[in-house]
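> Input work-v8.cif, format and content: mmCIF, C-alpha atoms and all ligand atoms.
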data_entry
loop_
_atom_site.label_atom_id
_atom_site.label_comp_id
_atom_site.auth_asym_id
_atom_site.auth_seq_id
_atom_site.Cartn_x
_atom_site.Cartn_y
_atom_site.Cartn_z
CA MET A 1 -74.33 -6.32 -19.52
CA ASN A 2 -77.85 -7.09 -18.22
CA GLN A 3 -79.85 -7.63 -21.41
CA LYS A 4 -83.22 -7.60 -19.63
CA LEU A 5 -82.47 -4.18 -18.15
CA MET A 6 -81.20 -2.97 -21.51
CA ASN A 7 -84.42 -4.02 -23.23
CA ARG A 8 -86.50 -2.25 -20.61
CA TYR A 9 -84.36 0.89 -20.28
CA PRO A 10 -82.35 1.29 -23.49
CA SER A 11 -81.69 5.00 -22.94
CA ILE A 12 -81.10 7.58 -20.23
CA ALA A 13 -84.45 9.14 -21.21
CA ASP A 14 -86.12 5.86 -20.13
CA LEU A 15 -84.25 5.92 -16.82
CA ARG A 16 -85.35 9.51 -16.27
CA LEU A 17 -89.02 8.53 -16.60
CA ARG A 18 -88.56 5.65 -14.16
CA ALA A 19 -86.69 7.86 -11.68
CA LEU A 20 -89.54 10.37 -11.81
CA GLU A 21 -91.84 7.59 -10.54
CA ARG A 22 -89.52 6.68 -7.65
CA ILE A 23 -88.13 9.97 -6.30
CA PRO A 24 -90.36 12.27 -4.18
CA HIS A 25 -91.39 15.48 -5.88
CA PHE A 26 -89.18 17.88 -3.85
CA ALA A 27 -86.05 15.78 -4.45
CA TRP A 28 -86.98 15.29 -8.10
CA GLU A 29 -87.28 19.02 -8.63
CA TYR A 30 -83.87 19.50 -7.03
CA LEU A 31 -82.39 17.03 -9.52
CA ASP A 32 -84.28 17.83 -12.68
CA SER A 33 -84.69 21.60 -12.64
CA GLY A 34 -82.56 24.35 -14.12
CA THR A 35 -83.03 27.95 -13.07
CA GLY A 36 -85.34 30.78 -14.13
CA ALA A 37 -87.59 29.49 -16.89
CA ASP A 38 -85.24 26.54 -17.60
CA VAL A 39 -84.29 28.19 -20.90
CA CYS A 40 -80.56 27.50 -20.59
CA MET A 41 -81.26 23.85 -19.84
CA ARG A 42 -83.38 23.57 -22.99
CA ARG A 43 -80.80 25.53 -24.96
CA ASN A 44 -78.13 22.97 -24.00
CA ARG A 45 -80.30 20.22 -25.40
CA GLU A 46 -81.31 22.02 -28.59
CA ALA A 47 -77.73 23.01 -29.35
CA LEU A 48 -76.49 19.44 -28.84
CA ASP A 49 -79.22 18.13 -31.15
CA ALA A 50 -78.10 20.61 -33.80
CA VAL A 51 -74.53 19.21 -33.97
CA THR A 52 -74.15 16.96 -37.01
CA MET A 53 -71.33 14.81 -38.33
CA VAL A 54 -70.86 13.21 -41.72
CA PRO A 55 -70.44 9.42 -41.57
CA HIS A 56 -67.73 7.68 -43.61
CA PHE A 57 -68.46 4.15 -44.86
CA MET A 58 -66.53 1.25 -46.45
CA LYS A 59 -64.41 0.74 -43.34
CA GLY A 60 -64.84 -3.04 -43.08
CA VAL A 61 -65.47 -4.83 -39.78
CA PHE A 62 -64.05 -3.16 -36.67
CA GLN A 63 -64.61 -2.83 -32.95
CA PRO A 64 -64.13 0.78 -31.81
CA ILE A 65 -61.70 1.39 -28.97
CA LEU A 66 -63.30 3.54 -26.29
CA SER A 67 -60.34 3.91 -23.93
CA THR A 68 -58.64 7.26 -23.63
CA ARG A 69 -55.80 8.75 -21.63
CA LEU A 70 -56.31 11.82 -19.46
CA PHE A 71 -53.77 13.34 -17.06
CA GLY A 72 -51.62 10.23 -17.38
CA VAL A 73 -54.43 7.78 -16.51
CA LEU A 74 -55.87 5.32 -19.02
CA TYR A 75 -59.66 5.35 -18.60
CA ASP A 76 -61.76 2.61 -20.24
CA VAL A 77 -64.19 5.18 -21.64
CA PRO A 78 -64.09 8.93 -22.45
CA PHE A 79 -66.85 9.79 -19.93
CA GLY A 80 -67.31 10.16 -16.20
CA VAL A 81 -69.58 11.47 -13.45
CA SER A 82 -69.88 15.20 -12.72
CA PRO A 83 -70.11 16.38 -9.11
CA VAL A 84 -73.62 16.45 -7.68
CA GLY A 85 -74.32 17.96 -4.25
CA LEU A 86 -76.98 16.87 -1.74
CA THR A 87 -76.76 13.54 -3.53
CA GLY A 88 -78.34 11.40 -0.82
CA LEU A 89 -81.51 13.50 -0.96
CA MET A 90 -82.20 12.20 -4.45
CA TRP A 91 -81.25 8.62 -3.70
CA PRO A 92 -79.77 7.36 -0.42
CA ARG A 93 -76.14 6.26 -0.74
CA ALA A 94 -75.99 7.47 -4.36
CA GLU A 95 -72.34 8.46 -3.93
CA ARG A 96 -71.36 4.96 -2.81
CA ILE A 97 -73.28 3.37 -5.67
CA LEU A 98 -71.66 5.62 -8.28
CA ALA A 99 -68.15 5.43 -6.82
CA VAL A 100 -68.19 1.62 -6.78
CA SER A 101 -69.59 1.51 -10.31
CA ALA A 102 -66.94 3.98 -11.55
CA GLY A 103 -64.22 1.79 -10.05
CA LYS A 104 -65.67 -1.22 -11.86
CA HIS A 105 -66.09 0.47 -15.25
CA ARG A 106 -62.81 2.41 -14.88
CA HIS A 107 -64.20 5.90 -15.42
CA PRO A 108 -63.95 8.94 -13.13
CA TYR A 109 -66.41 9.68 -10.36
CA THR A 110 -66.34 13.24 -9.01
CA LEU A 111 -67.35 13.74 -5.38
CA SER A 112 -68.87 17.15 -4.63
CA THR A 113 -67.80 19.26 -1.66
CA ALA A 114 -71.54 19.42 -0.92
CA ALA A 115 -72.08 15.65 -1.20
CA THR A 116 -73.74 13.69 1.56
CA GLU A 117 -70.75 11.38 2.07
CA ALA A 118 -67.24 12.28 3.24
CA PRO A 119 -64.17 11.98 0.99
CA GLU A 120 -62.71 9.44 3.43
CA THR A 121 -65.63 7.07 2.70
CA ILE A 122 -65.83 7.55 -1.05
CA GLY A 123 -62.15 7.77 -2.07
CA PRO A 124 -61.35 4.10 -1.34
CA LEU A 125 -64.63 2.90 -2.91
CA ALA A 126 -63.78 4.61 -6.20
CA ASP A 127 -60.61 2.50 -6.46
CA GLY A 128 -58.37 5.14 -8.06
CA MET A 129 -61.16 6.64 -10.18
CA GLY A 130 -62.10 9.39 -7.68
CA TRP A 131 -61.90 13.08 -8.51
CA PHE A 132 -62.82 15.76 -5.98
CA GLN A 133 -64.77 18.97 -6.63
CA LEU A 134 -64.02 22.03 -4.56
CA TYR A 135 -66.61 24.70 -3.89
CA PRO A 136 -64.04 27.28 -2.87
CA PRO A 137 -64.29 27.83 0.90
CA ARG A 138 -63.67 31.44 1.94
CA SER A 139 -61.51 30.22 4.80
CA ALA A 140 -58.03 29.31 3.54
CA GLN A 141 -57.68 26.92 6.46
CA ILE A 142 -60.80 24.94 5.49
CA ARG A 143 -59.66 24.97 1.86
CA ARG A 144 -56.27 23.51 2.74
CA ASP A 145 -57.88 20.94 4.98
CA LEU A 146 -60.36 19.80 2.31
CA ILE A 147 -57.58 19.58 -0.28
CA GLU A 148 -55.45 17.52 2.09
CA ARG A 149 -58.36 15.22 2.93
CA ALA A 150 -59.10 14.69 -0.77
CA ARG A 151 -55.46 13.84 -1.47
CA ASP A 152 -55.21 11.49 1.54
CA SER A 153 -58.44 9.75 0.53
CA GLY A 154 -57.04 8.81 -2.90
CA PHE A 155 -58.67 11.43 -5.15
CA THR A 156 -56.39 12.04 -8.11
CA THR A 157 -57.82 15.16 -9.77
CA LEU A 158 -59.23 18.37 -8.34
CA LEU A 159 -62.02 20.40 -10.00
CA VAL A 160 -62.56 23.95 -8.73
CA THR A 161 -66.05 25.21 -9.51
CA ALA A 162 -66.01 28.73 -10.94
CA ASP A 163 -69.62 29.26 -11.93
CA VAL A 164 -71.37 29.75 -8.59
CA PRO A 165 -70.66 33.37 -7.60
CA ILE A 166 -73.96 33.23 -5.69
CA ALA A 167 -76.59 30.55 -5.10
CA SER A 168 -79.04 30.49 -8.00
CA ARG A 169 -82.72 31.23 -7.31
CA ARG A 170 -84.02 27.95 -8.78
CA GLU A 171 -87.71 28.82 -8.76
CA ARG A 172 -88.92 25.26 -9.42
CA GLN A 173 -87.08 24.06 -6.35
CA VAL A 174 -88.51 26.79 -4.16
CA LYS A 175 -92.04 25.90 -5.27
CA ALA A 176 -91.42 22.22 -4.59
CA GLY A 177 -90.40 22.93 -0.99
CA VAL A 178 -86.62 22.61 -1.33
CA VAL A 179 -86.26 25.47 1.15
CA VAL A 180 -84.05 26.36 4.08
CA PRO A 181 -84.76 25.07 6.66
CA PRO A 182 -86.65 22.11 5.17
CA LYS A 183 -90.29 22.20 6.19
CA ILE A 184 -91.94 18.92 7.11
CA THR A 185 -95.50 19.48 5.93
CA PRO A 186 -98.35 16.99 5.49
CA LEU A 187 -97.86 17.37 1.73
CA MET A 188 -94.18 16.49 2.00
CA LEU A 189 -95.00 13.42 4.13
CA TYR A 190 -97.60 12.38 1.57
CA ARG A 191 -95.05 12.76 -1.20
CA CYS A 192 -92.65 10.50 0.67
CA ALA A 193 -95.39 7.96 1.38
CA ILE A 194 -96.16 7.54 -2.32
CA ARG A 195 -92.48 6.84 -3.02
CA PRO A 196 -92.00 3.82 -0.73
CA ALA A 197 -88.67 2.55 -2.14
CA TRP A 198 -87.04 5.95 -1.58
CA SER A 199 -88.61 6.31 1.87
CA LEU A 200 -87.48 2.87 2.99
CA ALA A 201 -83.96 3.41 1.66
CA THR A 202 -83.85 6.79 3.42
CA LEU A 203 -85.03 5.25 6.70
CA ILE A 204 -82.20 2.69 6.48
CA ALA A 205 -79.49 5.18 5.41
CA GLY A 206 -80.61 8.01 7.74
CA ARG A 207 -81.45 11.56 6.76
CA PRO A 208 -79.03 13.16 4.29
CA ARG A 209 -76.20 15.13 5.93
CA PHE A 210 -73.22 16.98 4.52
CA ARG A 211 -70.78 14.46 5.99
CA GLY A 212 -67.70 15.96 4.34
CA LEU A 213 -68.34 19.36 5.87
CA GLU A 214 -69.74 18.56 9.31
CA GLN A 215 -66.44 19.00 11.06
CA TYR A 216 -66.30 22.67 10.04
CA ILE A 217 -69.82 23.53 11.13
CA HIS A 218 -71.06 24.55 14.55
CA GLY A 219 -74.42 22.89 14.95
CA ARG A 220 -75.59 19.88 13.06
CA ASP A 221 -79.02 20.57 11.72
CA MET A 222 -79.74 21.17 8.06
CA ARG A 223 -80.24 24.87 8.64
CA ASP A 224 -76.73 25.31 10.13
CA MET A 225 -75.23 23.32 7.30
CA LEU A 226 -76.99 25.11 4.49
CA GLN A 227 -76.17 28.45 6.11
CA PHE A 228 -72.51 27.40 6.21
CA ILE A 229 -72.57 26.37 2.56
CA GLY A 230 -74.29 29.62 1.53
CA GLN A 231 -71.96 31.86 3.50
CA GLU A 232 -68.66 30.02 3.51
CA LEU A 233 -68.45 28.21 0.19
CA GLY A 234 -68.06 30.13 -3.02
CA GLY A 235 -68.60 33.75 -3.78
CA GLY A 236 -65.02 34.78 -3.02
CA LEU A 237 -63.33 33.35 -6.07
CA ASP A 238 -60.74 35.39 -7.95
CA TRP A 239 -57.44 34.74 -9.75
CA ASP A 240 -55.34 35.02 -6.58
CA TYR A 241 -57.53 32.40 -4.97
CA LEU A 242 -57.11 30.10 -7.97
CA LYS A 243 -53.32 30.58 -7.79
CA ALA A 244 -53.37 29.60 -4.11
CA VAL A 245 -55.24 26.38 -4.97
CA ARG A 246 -52.63 25.69 -7.66
CA GLU A 247 -49.89 25.94 -5.03
CA GLU A 248 -51.72 23.68 -2.61
CA TRP A 249 -52.73 20.87 -4.99
CA ASN A 250 -49.91 19.17 -6.84
CA GLY A 251 -52.03 16.85 -9.00
CA PRO A 252 -54.11 17.56 -12.13
CA LEU A 253 -56.21 20.68 -11.57
CA VAL A 254 -59.29 21.68 -13.56
CA LEU A 255 -61.35 24.88 -13.57
CA LYS A 256 -65.02 23.88 -13.90
CA GLY A 257 -67.70 26.11 -15.36
CA VAL A 258 -65.78 28.12 -17.97
CA LEU A 259 -67.71 29.70 -20.89
CA HIS A 260 -65.28 32.42 -21.95
CA SER A 261 -62.03 31.77 -23.83
CA ALA A 262 -60.19 34.68 -22.12
CA GLU A 263 -60.84 33.05 -18.73
CA ALA A 264 -59.69 29.71 -20.07
CA ILE A 265 -56.45 31.31 -21.31
CA GLU A 266 -55.86 32.98 -17.93
CA ALA A 267 -56.49 29.74 -16.00
CA VAL A 268 -54.03 27.84 -18.18
CA SER A 269 -51.45 30.60 -17.79
CA ILE A 270 -51.53 30.19 -13.98
CA GLY A 271 -50.97 26.47 -14.29
CA TYR A 272 -54.39 24.84 -14.54
CA ASP A 273 -54.16 21.53 -16.40
CA GLY A 274 -57.75 21.35 -17.56
CA ILE A 275 -60.67 23.59 -18.48
CA MET A 276 -64.15 22.25 -18.01
CA VAL A 277 -66.58 23.92 -20.38
CA SER A 278 -69.92 23.83 -18.56
CA ASN A 279 -72.88 25.99 -17.63
CA HIS A 280 -73.67 23.83 -14.60
CA GLY A 281 -76.33 21.99 -16.58
CA GLY A 282 -78.31 25.23 -16.94
CA ARG A 283 -78.73 25.55 -13.16
CA GLN A 284 -77.00 28.85 -12.49
CA PHE A 285 -77.58 31.59 -15.09
CA ASP A 286 -80.54 31.20 -17.41
CA GLY A 287 -79.05 33.65 -19.90
CA ALA A 288 -75.87 31.62 -20.48
CA PRO A 289 -75.06 30.21 -23.91
CA ALA A 290 -75.41 26.49 -24.53
CA ALA A 291 -72.13 25.03 -23.29
CA ILE A 292 -71.64 23.07 -26.54
CA SER A 293 -71.86 26.28 -28.58
CA VAL A 294 -68.79 27.84 -26.87
CA LEU A 295 -66.78 24.60 -26.72
CA PRO A 296 -65.06 25.03 -30.15
CA GLU A 297 -63.69 28.50 -29.41
CA ILE A 298 -62.37 27.47 -25.98
CA ALA A 299 -60.82 24.30 -27.38
CA GLU A 300 -59.23 26.41 -30.11
CA ALA A 301 -57.86 28.88 -27.54
CA VAL A 302 -56.29 26.44 -25.05
CA GLY A 303 -56.71 22.89 -26.36
CA GLN A 304 -53.01 22.60 -27.30
CA ARG A 305 -51.86 23.48 -23.77
CA ALA A 306 -54.57 22.01 -21.54
CA LYS A 307 -57.15 19.24 -21.51
CA ILE A 308 -60.70 20.22 -22.37
CA LEU A 309 -63.48 18.66 -20.33
CA PHE A 310 -67.16 19.16 -21.06
CA ASP A 311 -70.58 18.74 -19.46
CA SER A 312 -74.11 20.18 -19.62
CA GLY A 313 -76.93 18.39 -21.39
CA ILE A 314 -75.22 15.10 -22.26
CA ARG A 315 -77.79 12.30 -22.38
CA GLY A 316 -76.24 9.58 -24.52
CA GLY A 317 -73.27 8.25 -26.46
CA LEU A 318 -74.04 10.38 -29.48
CA ASP A 319 -73.83 13.52 -27.32
CA ILE A 320 -70.44 12.37 -26.03
CA ILE A 321 -69.28 11.98 -29.63
CA ARG A 322 -70.60 15.47 -30.46
CA ALA A 323 -68.59 17.03 -27.64
CA LEU A 324 -65.43 15.08 -28.54
CA ALA A 325 -65.79 16.10 -32.19
CA LEU A 326 -66.05 19.76 -31.17
CA GLY A 327 -62.85 19.72 -29.14
CA ALA A 328 -63.46 18.00 -25.78
CA ASP A 329 -60.97 15.43 -24.50
CA PHE A 330 -63.35 14.05 -21.90
CA VAL A 331 -67.09 14.34 -21.23
CA LEU A 332 -69.05 14.21 -17.97
CA LEU A 333 -72.69 13.76 -16.99
CA GLY A 334 -74.43 15.00 -13.85
CA ARG A 335 -78.14 14.25 -14.11
CA GLY A 336 -77.71 11.27 -16.45
CA PHE A 337 -76.03 9.14 -13.76
CA MET A 338 -78.45 10.34 -11.08
CA TYR A 339 -81.45 9.35 -13.22
CA GLY A 340 -79.92 5.88 -13.37
CA VAL A 341 -79.56 5.63 -9.60
CA GLY A 342 -83.05 7.05 -9.05
CA ALA A 343 -84.50 4.47 -11.45
CA LEU A 344 -82.51 1.40 -10.47
CA GLY A 345 -80.83 2.05 -7.11
CA ARG A 346 -77.68 -0.08 -6.74
CA ARG A 347 -77.70 -1.10 -10.41
CA GLY A 348 -78.08 2.47 -11.67
CA GLY A 349 -74.43 3.47 -12.19
CA ASP A 350 -73.62 0.23 -13.98
CA HIS A 351 -76.60 0.51 -16.27
CA VAL A 352 -75.88 4.10 -17.27
CA ALA A 353 -72.28 3.11 -18.07
CA GLU A 354 -73.56 0.18 -20.16
CA ILE A 355 -76.00 2.40 -22.08
CA LEU A 356 -73.29 4.95 -22.82
CA LYS A 357 -70.79 2.30 -23.92
CA ALA A 358 -73.31 0.61 -26.24
CA ASP A 359 -74.44 3.92 -27.68
CA LEU A 360 -70.87 5.18 -28.15
CA THR A 361 -69.82 1.96 -29.84
CA ASN A 362 -72.79 1.90 -32.18
CA ASN A 363 -72.47 5.54 -33.18
CA MET A 364 -68.71 5.25 -33.71
CA ILE A 365 -69.34 2.41 -36.18
CA GLN A 366 -72.08 4.49 -37.88
CA LEU A 367 -69.54 7.30 -38.25
CA GLY A 368 -66.64 5.06 -39.26
CA CYS A 369 -64.43 6.09 -36.30
CA ARG A 370 -62.22 3.44 -34.70
CA SER A 371 -60.97 5.49 -31.76
CA ILE A 372 -61.61 8.61 -29.70
CA ALA A 373 -58.74 10.29 -31.57
CA GLN A 374 -60.51 9.64 -34.89
CA ILE A 375 -63.69 11.31 -33.59
CA LYS A 376 -61.66 14.39 -32.73
CA GLU A 377 -60.05 14.38 -36.18
CA ARG A 378 -63.44 14.03 -37.89
CA GLY A 379 -64.89 17.15 -36.26
CA ALA A 380 -68.52 18.27 -36.48
CA ARG A 381 -70.71 21.10 -37.64
CA ALA A 382 -71.12 23.32 -34.59
CA PRO A 383 -74.17 25.36 -33.68
CA SER A 384 -73.50 29.10 -33.53
CA PRO A 385 -73.25 30.50 -29.96
CA SER A 386 -76.71 31.63 -28.91
C1 LIG A 401 -78.65 17.95 -8.57
C2 LIG A 401 -77.38 18.59 -9.03
C3 LIG A 401 -76.45 19.00 -8.09
C4 LIG A 401 -75.24 19.57 -8.51
N1 LIG A 401 -74.28 19.88 -7.58
C5 LIG A 401 -73.08 20.34 -7.99
C6 LIG A 401 -72.02 20.53 -7.06
O1 LIG A 401 -72.16 20.25 -5.87
N2 LIG A 401 -70.85 21.04 -7.54
C7 LIG A 401 -70.66 21.34 -8.86
O2 LIG A 401 -69.59 21.80 -9.25
N3 LIG A 401 -71.64 21.13 -9.77
C8 LIG A 401 -72.82 20.63 -9.36
N4 LIG A 401 -73.80 20.37 -10.29
C9 LIG A 401 -73.51 20.57 -11.72
C10 LIG A 401 -72.92 19.30 -12.32
O3 LIG A 401 -71.64 19.06 -11.83
C11 LIG A 401 -72.84 19.40 -13.83
O4 LIG A 401 -72.13 20.55 -14.22
C12 LIG A 401 -74.21 19.40 -14.52
O5 LIG A 401 -75.09 18.50 -13.88
C13 LIG A 401 -74.04 19.02 -15.97
O6 LIG A 401 -75.24 19.01 -16.65
P1 LIG A 401 -76.12 17.68 -16.88
O7 LIG A 401 -76.82 17.44 -15.57
O8 LIG A 401 -77.03 18.09 -17.95
O9 LIG A 401 -75.17 16.56 -17.23
C14 LIG A 401 -75.00 19.79 -9.89
C15 LIG A 401 -75.95 19.37 -10.82
C16 LIG A 401 -77.11 18.76 -10.41
C17 LIG A 401 -78.11 18.29 -11.45
#
Could I get this structure in the form of structure tokens?

Amino acid sequence: MNQKLMNRYPSIADLRLRALERIPHFAWEYLDSGTGADVCMRRNREALDAVTMVPHFMKGVFQPILSTRLFGVLYDVPFGVSPVGLTGLMWPRAERILAVSAGKHRHPYTLSTAATEAPETIGPLADGMGWFQLYPPRSAQIRRDLIERARDSGFTTLLVTADVPIASRRERQVKAGVVVPPKITPLMLYRCAIRPAWSLATLIAGRPRFRGLEQYIHGRDMRDMLQFIGQELGGGLDWDYLKAVREEWNGPLVLKGVLHSAEAIEAVSIGYDGIMVSNHGGRQFDGAPAAISVLPEIAEAVGQRAKILFDSGIRGGLDIIRALALGADFVLLGRGFMYGVGALGRRGGDHVAEILKADLTNNMIQLGCRSIAQIKERGARAPSPS
């Protein structure tokens, strides 16, 4: 652990403030925004803050064990990285940084279908810790090809994203100039100029491209690619489609973006191994409930037959404990890791992992829990779904 870094940035909130100073406004808005009036994003946070647990004392001296087994793999910690698309826009080579760091800290790194690096590049860097996220392509041929490429590149677990039936409007992003096609305006150039570290890193790495998808797209400019993503990925998901993915992927398979226990039950009945309770970090539907508020009922419905994964709003070790106590087996973060990379570049993934480990350890001792299993047994007071 780098103590100097820890003193300067002891929390993800500190990394977020530093990232805000280093990432150009349009890319920042892409990372940091929700949708609509950002109500769902705030609701995630408020609901997490409302989860309380009663500490037990008189446990003597102990060092909590953070490792946990998921889908037959022993991970060093109960957290990992959620898929984030257009990653290189926010920080050049962010996928490489996070994959290498995940391999080192032995936690999962999920590569998005819409990432700016190809699975063939990232799979080996993640050193067995790679998961792959599928935005369901409408073409069965492209779907099969992506699944095969993910498998051949060493990704062990597949996440199918359910919660993007249509691109969200994301008003903050539109206002910041994250539009299709991107417009190079004097204001945008100015915003790059006042973020020299990002601009230099982008000059070296080259403009962000959807490298995993390029081979399916006619034309190479951003407009062609974003049109392809809008028209060809997502939108066509139904239960038959999910069954087809089940037949094509023989490893652990997770449905990401579930908020309704009936859908969780259906997914498990067609052979899905995991349910990821998530509202996409409040980026899709501003009227959705806080993900943490529906976690207990979904865990209750399918937790005996499938693994429960969780994301949306997690910003520290205490939040991870809250989700575990309410029924999650594993917890992921999207923005949290990206704030780290935006703030610290190459050291960002490592530092976020160190913050989360220190915070988890400390809060487990405060609670009197020696293991992840004991957190789950302890439980928590849940907020009511709102
Ligand atoms: C900038 C950004 C891009 C994202 N891109 C994807 C994506 O390509 N695929 C996906 O399934 N989810 C995507 N998500 C959602 C995340 O996987 C995750 O559900 C969400 O970030 C969790 O909330 P948190 O950021 O509060 O941790 C994205 C989120 C962010 C912030």
> Can you write out as JSON lines which residues of chain A fall within 6 Å of ligand LIG 401 (chain A), alongside each residue's closest atom pair and its distance in Å to one decimal, counting all atoms listed in the file and ordering rows by chain and ascending residue number?

{"residue": "A:Tyr30", "atom": "CA", "partner": "A:LIG401", "partner_atom": "C1", "distance": 5.7}
{"residue": "A:Leu31", "atom": "CA", "partner": "A:LIG401", "partner_atom": "C1", "distance": 4.0}
{"residue": "A:Ser82", "atom": "CA", "partner": "A:LIG401", "partner_atom": "O3", "distance": 4.3}
{"residue": "A:Pro83", "atom": "CA", "partner": "A:LIG401", "partner_atom": "O3", "distance": 4.1}
{"residue": "A:Val84", "atom": "CA", "partner": "A:LIG401", "partner_atom": "N1", "distance": 3.5}
{"residue": "A:Gly85", "atom": "CA", "partner": "A:LIG401", "partner_atom": "O1", "distance": 3.5}
{"residue": "A:Ser112", "atom": "CA", "partner": "A:LIG401", "partner_atom": "O1", "distance": 4.7}
{"residue": "A:Ala114", "atom": "CA", "partner": "A:LIG401", "partner_atom": "O1", "distance": 5.1}
{"residue": "A:Thr161", "atom": "CA", "partner": "A:LIG401", "partner_atom": "O2", "distance": 4.9}
{"residue": "A:Ser278", "atom": "CA", "partner": "A:LIG401", "partner_atom": "O4", "distance": 5.9}
{"residue": "A:His280", "atom": "CA", "partner": "A:LIG401", "partner_atom": "O4", "distance": 3.6}
{"residue": "A:Gly281", "atom": "CA", "partner": "A:LIG401", "partner_atom": "O6", "distance": 3.2}
{"residue": "A:Asp311", "atom": "CA", "partner": "A:LIG401", "partner_atom": "C13", "distance": 4.9}
{"residue": "A:Ser312", "atom": "CA", "partner": "A:LIG401", "partner_atom": "O6", "distance": 3.4}
{"residue": "A:Gly313", "atom": "CA", "partner": "A:LIG401", "partner_atom": "O8", "distance": 3.5}
{"residue": "A:Ile314", "atom": "CA", "partner": "A:LIG401", "partner_atom": "O9", "distance": 5.2}
{"residue": "A:Leu333", "atom": "CA", "partner": "A:LIG401", "partner_atom": "O9", "distance": 3.7}
{"residue": "A:Gly334", "atom": "CA", "partner": "A:LIG401", "partner_atom": "O5", "distance": 3.6}
{"residue": "A:Arg335", "atom": "CA", "partner": "A:LIG401", "partner_atom": "O7", "distance": 3.7}
{"residue": "A:Gly336", "atom": "CA", "partner": "A:LIG401", "partner_atom": "O9", "distance": 5.9}
> Give the answer as one residue: which of A:Val352, A:Ala343, A:Val258, A:Ile375 has the shortest atom-to-atom distance to Asn2 of chain A, using only C-alpha atoms?
A:Val352
> So which one's closest to Phe26 of chain A, A:Ala299, A:Leu237, A:Val245, A:Met188? Using only C-alpha atoms, please.
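Closest residue, counting only C-alpha atoms: A:Met188.
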> For Arg195 of chain A, find every residue with an atom within 8 Å (counting all atoms listed in the file), except residues of its own chain fewer than 6 positions away, and show them as a ChimeraX atom specification.
/A:21-24
> For Ile320 of chain A, find every residue with an atom within 12 Å (counting only C-alpha atoms), except residues of its own chain fewer than 3 positions away, and show them as a ChimeraX atom specification.
/A:48-49,51,66,77-80,292,309-317,323-333,356-357,359-361,363-364,372,375-376
> Produce a file of the selected residues containing C-alpha atoms, as a PDB file, keeping the file's coordinate frame.

ATOM      1  CA  LEU A  48     -76.490  19.440 -28.840  1.00  0.00           C
ATOM      2  CA  ASP A  49     -79.220  18.130 -31.150  1.00  0.00           C
ATOM      3  CA  VAL A  51     -74.530  19.210 -33.970  1.00  0.00           C
ATOM      4  CA  LEU A  66     -63.300   3.540 -26.290  1.00  0.00           C
ATOM      5  CA  VAL A  77     -64.190   5.180 -21.640  1.00  0.00           C
ATOM      6  CA  PRO A  78     -64.090   8.930 -22.450  1.00  0.00           C
ATOM      7  CA  PHE A  79     -66.850   9.790 -19.930  1.00  0.00           C
ATOM      8  CA  GLY A  80     -67.310  10.160 -16.200  1.00  0.00           C
ATOM      9  CA  ILE A 292     -71.640  23.070 -26.540  1.00  0.00           C
ATOM     10  CA  LEU A 309     -63.480  18.660 -20.330  1.00  0.00           C
ATOM     11  CA  PHE A 310     -67.160  19.160 -21.060  1.00  0.00           C
ATOM     12  CA  ASP A 311     -70.580  18.740 -19.460  1.00  0.00           C
ATOM     13  CA  SER A 312     -74.110  20.180 -19.620  1.00  0.00           C
ATOM     14  CA  GLY A 313     -76.930  18.390 -21.390  1.00  0.00           C
ATOM     15  CA  ILE A 314     -75.220  15.100 -22.260  1.00  0.00           C
ATOM     16  CA  ARG A 315     -77.790  12.300 -22.380  1.00  0.00           C
ATOM     17  CA  GLY A 316     -76.240   9.580 -24.520  1.00  0.00           C
ATOM     18  CA  GLY A 317     -73.270   8.250 -26.460  1.00  0.00           C
ATOM     19  CA  ALA A 323     -68.590  17.030 -27.640  1.00  0.00           C
ATOM     20  CA  LEU A 324     -65.430  15.080 -28.540  1.00  0.00           C
ATOM     21  CA  ALA A 325     -65.790  16.100 -32.190  1.00  0.00           C
ATOM     22  CA  LEU A 326     -66.050  19.760 -31.170  1.00  0.00           C
ATOM     23  CA  GLY A 327     -62.850  19.720 -29.140  1.00  0.00           C
ATOM     24  CA  ALA A 328     -63.460  18.000 -25.780  1.00  0.00           C
ATOM     25  CA  ASP A 329     -60.970  15.430 -24.500  1.00  0.00           C
ATOM     26  CA  PHE A 330     -63.350  14.050 -21.900  1.00  0.00           C
ATOM     27  CA  VAL A 331     -67.090  14.340 -21.230  1.00  0.00           C
ATOM     28  CA  LEU A 332     -69.050  14.210 -17.970  1.00  0.00           C
ATOM     29  CA  LEU A 333     -72.690  13.760 -16.990  1.00  0.00           C
ATOM     30  CA  LEU A 356     -73.290   4.950 -22.820  1.00  0.00           C
ATOM     31  CA  LYS A 357     -70.790   2.300 -23.920  1.00  0.00           C
ATOM     32  CA  ASP A 359     -74.440   3.920 -27.680  1.00  0.00           C
ATOM     33  CA  LEU A 360     -70.870   5.180 -28.150  1.00  0.00           C
ATOM     34  CA  THR A 361     -69.820   1.960 -29.840  1.00  0.00           C
ATOM     35  CA  ASN A 363     -72.470   5.540 -33.180  1.00  0.00           C
ATOM     36  CA  MET A 364     -68.710   5.250 -33.710  1.00  0.00           C
ATOM     37  CA  ILE A 372     -61.610   8.610 -29.700  1.00  0.00           C
ATOM     38  CA  ILE A 375     -63.690  11.310 -33.590  1.00  0.00           C
ATOM     39  CA  LYS A 376     -61.660  14.390 -32.730  1.00  0.00           C
TER      40      LYS A 376
END
